[in-house]
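This is protein-v6.cif (mmCIF, C-alpha atoms).
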```
data_upload
loop_
_atom_site.group_PDB
_atom_site.id
_atom_site.type_symbol
_atom_site.label_atom_id
_atom_site.label_comp_id
_atom_site.auth_asym_id
_atom_site.auth_seq_id
_atom_site.Cartn_x
_atom_site.Cartn_y
_atom_site.Cartn_z
ATOM 1 C CA MET A 98 99.654 84.235 106.393
ATOM 2 C CA LYS A 99 101.850 87.184 107.129
ATOM 3 C CA VAL A 100 102.865 89.326 104.140
ATOM 4 C CA PHE A 101 105.977 91.453 104.513
ATOM 5 C CA LEU A 102 106.268 94.339 102.028
ATOM 6 C CA ASN A 103 109.282 96.269 100.758
ATOM 7 C CA ASN A 104 108.730 99.521 98.806
ATOM 8 C CA PRO A 105 104.973 99.015 98.239
ATOM 9 C CA PRO A 106 103.089 101.611 96.195
ATOM 10 C CA LYS A 107 100.952 103.927 98.295
ATOM 11 C CA ASN A 108 97.533 102.549 99.210
ATOM 12 C CA PHE A 109 98.413 99.001 98.056
ATOM 13 C CA SER A 110 99.693 97.480 101.294
ATOM 14 C CA LYS A 111 96.267 96.635 102.687
ATOM 15 C CA VAL A 112 95.041 95.151 99.387
ATOM 16 C CA ILE A 113 98.081 92.888 99.078
ATOM 17 C CA LYS A 114 98.043 91.778 102.706
ATOM 18 C CA ASN A 115 94.307 91.032 102.607
ATOM 19 C CA LEU A 116 94.646 89.174 99.307
ATOM 20 C CA GLY A 117 97.508 87.078 100.697
ATOM 21 C CA GLN A 118 95.519 86.209 103.800
ATOM 22 C CA PHE A 119 92.417 85.328 101.801
ATOM 23 C CA ALA A 120 94.284 83.290 99.166
ATOM 24 C CA SER A 121 96.103 81.306 101.824
ATOM 25 C CA GLY A 122 92.831 80.475 103.583
ATOM 26 C CA PHE A 123 91.051 79.763 100.290
ATOM 27 C CA LEU A 124 93.722 77.162 99.514
ATOM 28 C CA GLY A 125 93.507 75.657 103.009
ATOM 29 C CA GLN A 126 97.022 76.700 103.946
ATOM 30 C CA PRO A 127 98.062 77.090 107.578
ATOM 31 C CA GLU A 128 98.204 80.542 109.169
ATOM 32 C CA LYS A 129 101.858 80.089 110.185
ATOM 33 C CA LEU A 130 103.217 81.032 106.751
ATOM 34 C CA SER A 131 104.905 84.194 105.552
ATOM 35 C CA VAL A 132 105.978 85.691 102.253
ATOM 36 C CA CYS A 133 108.146 88.694 101.410
ATOM 37 C CA VAL A 134 107.024 90.963 98.551
ATOM 38 C CA THR A 135 109.433 93.520 97.104
ATOM 39 C CA PHE A 136 108.547 96.154 94.526
ATOM 40 C CA VAL A 137 111.369 96.902 92.104
ATOM 41 C CA ASN A 138 111.952 98.933 88.963
ATOM 42 C CA ALA A 139 112.512 97.597 85.443
ATOM 43 C CA ASP A 140 116.318 97.586 85.727
ATOM 44 C CA GLU A 141 116.233 95.636 88.987
ATOM 45 C CA ILE A 142 113.833 92.959 87.752
ATOM 46 C CA HIS A 143 115.743 92.733 84.474
ATOM 47 C CA GLU A 144 118.893 91.911 86.443
ATOM 48 C CA LEU A 145 117.072 89.339 88.595
ATOM 49 C CA ASN A 146 115.537 87.738 85.512
ATOM 50 C CA LYS A 147 118.918 87.610 83.753
ATOM 51 C CA THR A 148 120.769 86.254 86.786
ATOM 52 C CA TYR A 149 118.311 83.628 87.976
ATOM 53 C CA ARG A 150 116.379 82.659 84.828
ATOM 54 C CA GLU A 151 118.909 83.569 82.134
ATOM 55 C CA VAL A 152 116.267 85.704 80.424
ATOM 56 C CA ASP A 153 117.746 89.035 79.326
ATOM 57 C CA ARG A 154 114.720 91.329 79.716
ATOM 58 C CA ALA A 155 112.473 92.894 82.304
ATOM 59 C CA THR A 156 109.421 90.927 83.411
ATOM 60 C CA ASP A 157 106.377 91.656 85.557
ATOM 61 C CA VAL A 158 106.794 89.267 88.503
ATOM 62 C CA LEU A 159 109.304 86.721 89.775
ATOM 63 C CA SER A 160 108.853 84.185 92.553
ATOM 64 C CA PHE A 161 111.596 82.472 94.486
ATOM 65 C CA PRO A 162 110.268 79.626 96.644
ATOM 66 C CA THR A 163 112.122 78.608 99.789
ATOM 67 C CA ILE A 164 110.326 75.259 99.991
ATOM 68 C CA ASP A 165 109.273 72.779 97.348
ATOM 69 C CA ASN A 166 105.497 72.340 97.317
ATOM 70 C CA VAL A 167 105.092 70.231 94.196
ATOM 71 C CA GLY A 168 101.451 69.406 93.610
ATOM 72 C CA HIS A 169 100.389 72.515 95.581
ATOM 73 C CA GLY A 170 99.170 70.603 98.602
ATOM 74 C CA VAL A 171 98.627 71.992 102.063
ATOM 75 C CA ILE A 172 101.995 72.878 103.563
ATOM 76 C CA ASP A 173 102.869 71.035 106.765
ATOM 77 C CA VAL A 174 104.938 73.586 108.717
ATOM 78 C CA SER A 175 106.207 70.847 111.052
ATOM 79 C CA LEU A 176 108.189 69.357 108.152
ATOM 80 C CA TYR A 177 110.359 72.494 108.049
ATOM 81 C CA PRO A 178 111.639 72.987 111.614
ATOM 82 C CA TYR A 179 114.926 74.551 110.506
ATOM 83 C CA GLU A 180 113.269 76.889 108.014
ATOM 84 C CA THR A 181 110.665 78.119 110.514
ATOM 85 C CA ASP A 182 111.472 81.315 112.429
ATOM 86 C CA PHE A 183 111.836 80.202 116.030
ATOM 87 C CA LYS A 184 110.634 83.568 117.384
ATOM 88 C CA THR A 185 107.462 83.914 115.320
ATOM 89 C CA GLY A 186 106.762 80.313 114.349
ATOM 90 C CA LEU A 187 106.297 81.480 110.738
ATOM 91 C CA LEU A 188 107.560 79.479 107.785
ATOM 92 C CA ASN A 189 108.682 81.776 104.975
ATOM 93 C CA ILE A 190 107.589 80.130 101.729
ATOM 94 C CA GLY A 191 109.498 82.530 99.495
ATOM 95 C CA ASP A 192 109.990 85.916 97.943
ATOM 96 C CA ILE A 193 108.010 87.702 95.251
ATOM 97 C CA PHE A 194 109.416 90.581 93.211
ATOM 98 C CA ILE A 195 106.953 92.801 91.344
ATOM 99 C CA CYS A 196 108.042 95.355 88.780
ATOM 100 C CA LEU A 197 105.837 98.408 89.146
ATOM 101 C CA ASP A 198 107.048 99.843 85.804
ATOM 102 C CA VAL A 199 105.870 96.764 83.906
ATOM 103 C CA ALA A 200 102.688 96.548 85.990
ATOM 104 C CA LYS A 201 101.773 100.119 85.015
ATOM 105 C CA SER A 202 102.212 99.472 81.293
ATOM 106 C CA GLN A 203 100.304 96.164 81.491
ATOM 107 C CA ALA A 204 97.429 97.803 83.374
ATOM 108 C CA GLU A 205 97.126 100.348 80.554
ATOM 109 C CA GLU A 206 97.449 97.646 77.890
ATOM 110 C CA TYR A 207 94.771 95.444 79.479
ATOM 111 C CA GLY A 208 92.491 98.376 80.294
ATOM 112 C CA HIS A 209 92.209 97.869 84.010
ATOM 113 C CA SER A 210 93.494 99.592 87.129
ATOM 114 C CA LEU A 211 97.017 99.423 88.489
ATOM 115 C CA LYS A 212 95.508 98.049 91.708
ATOM 116 C CA ARG A 213 94.024 95.105 89.804
ATOM 117 C CA GLU A 214 97.276 94.448 87.932
ATOM 118 C CA VAL A 215 99.433 94.526 91.078
ATOM 119 C CA ALA A 216 96.949 92.278 92.884
ATOM 120 C CA PHE A 217 96.998 89.822 89.978
ATOM 121 C CA LEU A 218 100.809 89.802 89.823
ATOM 122 C CA PHE A 219 101.096 89.264 93.576
ATOM 123 C CA LEU A 220 98.567 86.442 93.456
ATOM 124 C CA HIS A 221 100.303 84.880 90.454
ATOM 125 C CA GLY A 222 103.609 84.904 92.330
ATOM 126 C CA LEU A 223 101.969 83.566 95.473
ATOM 127 C CA LEU A 224 100.352 80.687 93.593
ATOM 128 C CA HIS A 225 103.797 79.747 92.281
ATOM 129 C CA LEU A 226 105.086 79.668 95.865
ATOM 130 C CA PHE A 227 102.206 77.364 96.753
ATOM 131 C CA GLY A 228 103.327 75.014 93.976
ATOM 132 C CA PHE A 229 101.116 76.021 91.061
ATOM 133 C CA ASP A 230 102.677 76.208 87.618
ATOM 134 C CA HIS A 231 101.651 76.956 84.045
ATOM 135 C CA ILE A 232 104.063 74.954 81.926
ATOM 136 C CA GLU A 233 101.451 72.465 80.726
ATOM 137 C CA PRO A 234 98.090 73.714 79.363
ATOM 138 C CA ALA A 235 96.077 71.847 82.021
ATOM 139 C CA ASP A 236 98.223 73.341 84.789
ATOM 140 C CA GLU A 237 97.875 76.817 83.279
ATOM 141 C CA GLU A 238 94.094 76.397 83.153
ATOM 142 C CA GLU A 239 93.975 75.296 86.804
ATOM 143 C CA MET A 240 96.222 78.157 87.925
ATOM 144 C CA SER A 241 94.203 80.711 85.964
ATOM 145 C CA LYS A 242 90.892 79.371 87.286
ATOM 146 C CA THR A 243 92.162 79.474 90.874
ATOM 147 C CA ALA A 244 93.484 83.025 90.462
ATOM 148 C CA ASN A 245 90.207 84.238 88.945
ATOM 149 C CA GLU A 246 88.155 82.635 91.739
ATOM 150 C CA ILE A 247 90.298 84.304 94.401
ATOM 151 C CA LEU A 248 90.294 87.718 92.705
ATOM 152 C CA SER A 249 86.519 87.563 92.195
ATOM 153 C CA ALA A 250 85.927 86.552 95.815
ATOM 154 C CA CYS A 251 87.985 89.597 96.876
ATOM 155 C CA SER A 252 86.057 91.888 94.458
ATOM 156 C CA ILE A 253 89.168 92.593 92.417
ATOM 157 C CA GLU A 254 87.764 92.641 88.916
ATOM 158 C CA ARG A 255 89.031 93.779 85.535
#
```

What do you get writing this file as structure tokens?
Amino acid sequence: MKVFLNNPPKNFSKVIKNLGQFASGFLGQPEKLSVCVTFVNADEIHELNKTYREVDRATDVLSFPTIDNVGHGVIDVSLYPYETDFKTGLLNIGDIFICLDVAKSQAEEYGHSLKREVAFLFLHGLLHLFGFDHIEPADEEEMSKTANEILSACSIER
């Protein structure tokens, strides 16, 4: 998986790219996938949240999938010939927006590092793009378990 970053905090690019690569492999996803991650401020994510979710407040992370992967199965890139970049062969599965302002306050609130919080938020957004959800309690438990396994395997602990 190729992770494209916009406005990443210093020293976080490698962590995010490695986490994306590992998570994709952990879930058995093909290498020919890409995701775009953009870091925004509280005003920007507030506007995105209001516009696209009709929620009038800032949030920590938003995901916008470009494909529908209900059931979070392995993505078959060949099913998306028109969505796949003909030059690179990469299928962009979506965009993730992370609010660094909210991430900083949550890291303090939860008593862990900003690196851990940003990694968690990126992974949370990525799991949504892979089709995970947390609407139902069983789905939330599965998503949380998967996220914790991936973070632990990458030595990103609280």

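On the file presented, the PyMOL selection byres ((chain A and resi 127) around 8) picks out Met98, Ser121, Gly122, Gly125, Gln126, Glu128, Lys129, Leu130, Val171, Ile172, Asp173 and Val174 of chain A.
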
request  = For Pro162 in chain A, please output as a PyMOL selection string all residues within 9 Å (counting all atoms listed in the file; exclusion window: fewer than 2 positions along the same chain).
outcome  = chain A and resi 160+164-166+189-193+225-228

Take the residues just selected and output them with C-alpha atoms as a PDB file, keeping the file's coordinate frame.
```pdb
ATOM      1  CA  SER A 160     108.853  84.185  92.553  1.00  0.00           C
ATOM      2  CA  ILE A 164     110.326  75.259  99.991  1.00  0.00           C
ATOM      3  CA  ASP A 165     109.273  72.779  97.348  1.00  0.00           C
ATOM      4  CA  ASN A 166     105.497  72.340  97.317  1.00  0.00           C
ATOM      5  CA  ASN A 189     108.682  81.776 104.975  1.00  0.00           C
ATOM      6  CA  ILE A 190     107.589  80.130 101.729  1.00  0.00           C
ATOM      7  CA  GLY A 191     109.498  82.530  99.495  1.00  0.00           C
ATOM      8  CA  ASP A 192     109.990  85.916  97.943  1.00  0.00           C
ATOM      9  CA  ILE A 193     108.010  87.702  95.251  1.00  0.00           C
ATOM     10  CA  HIS A 225     103.797  79.747  92.281  1.00  0.00           C
ATOM     11  CA  LEU A 226     105.086  79.668  95.865  1.00  0.00           C
ATOM     12  CA  PHE A 227     102.206  77.364  96.753  1.00  0.00           C
ATOM     13  CA  GLY A 228     103.327  75.014  93.976  1.00  0.00           C
TER      14      GLY A 228
END
```

note = Nearest to Ser210 in chain A, restricted to only C-alpha atoms and choosing among A:Asn115, A:Glu254, A:Val137, A:Thr148, comes out as A:Glu254

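Here the PyMOL selection byres ((chain A and resi 247) around 10) catches exactly these residues: Leu116, Gly117, Phe119, Ala120, Ser121, Phe123, Leu124, Phe217, Leu220, Ser241, Lys242, Thr243, Ala244, Asn245, Glu246, Leu248, Ser249, Ala250, Cys251, Ser252 and Ile253 of chain A.
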
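For the pair CA of Asp140 in chain A and CA of Ile195 in chain A, the interatomic distance is 11.9 Å.
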
task = May I ask for the distance between CA of Asn103 in chain A and CA of Val132 in chain A, given in Å to one decimal place?
result =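 Answer for the CA of Asn103 in chain A to CA of Val132 in chain A separation: 11.2 Å.
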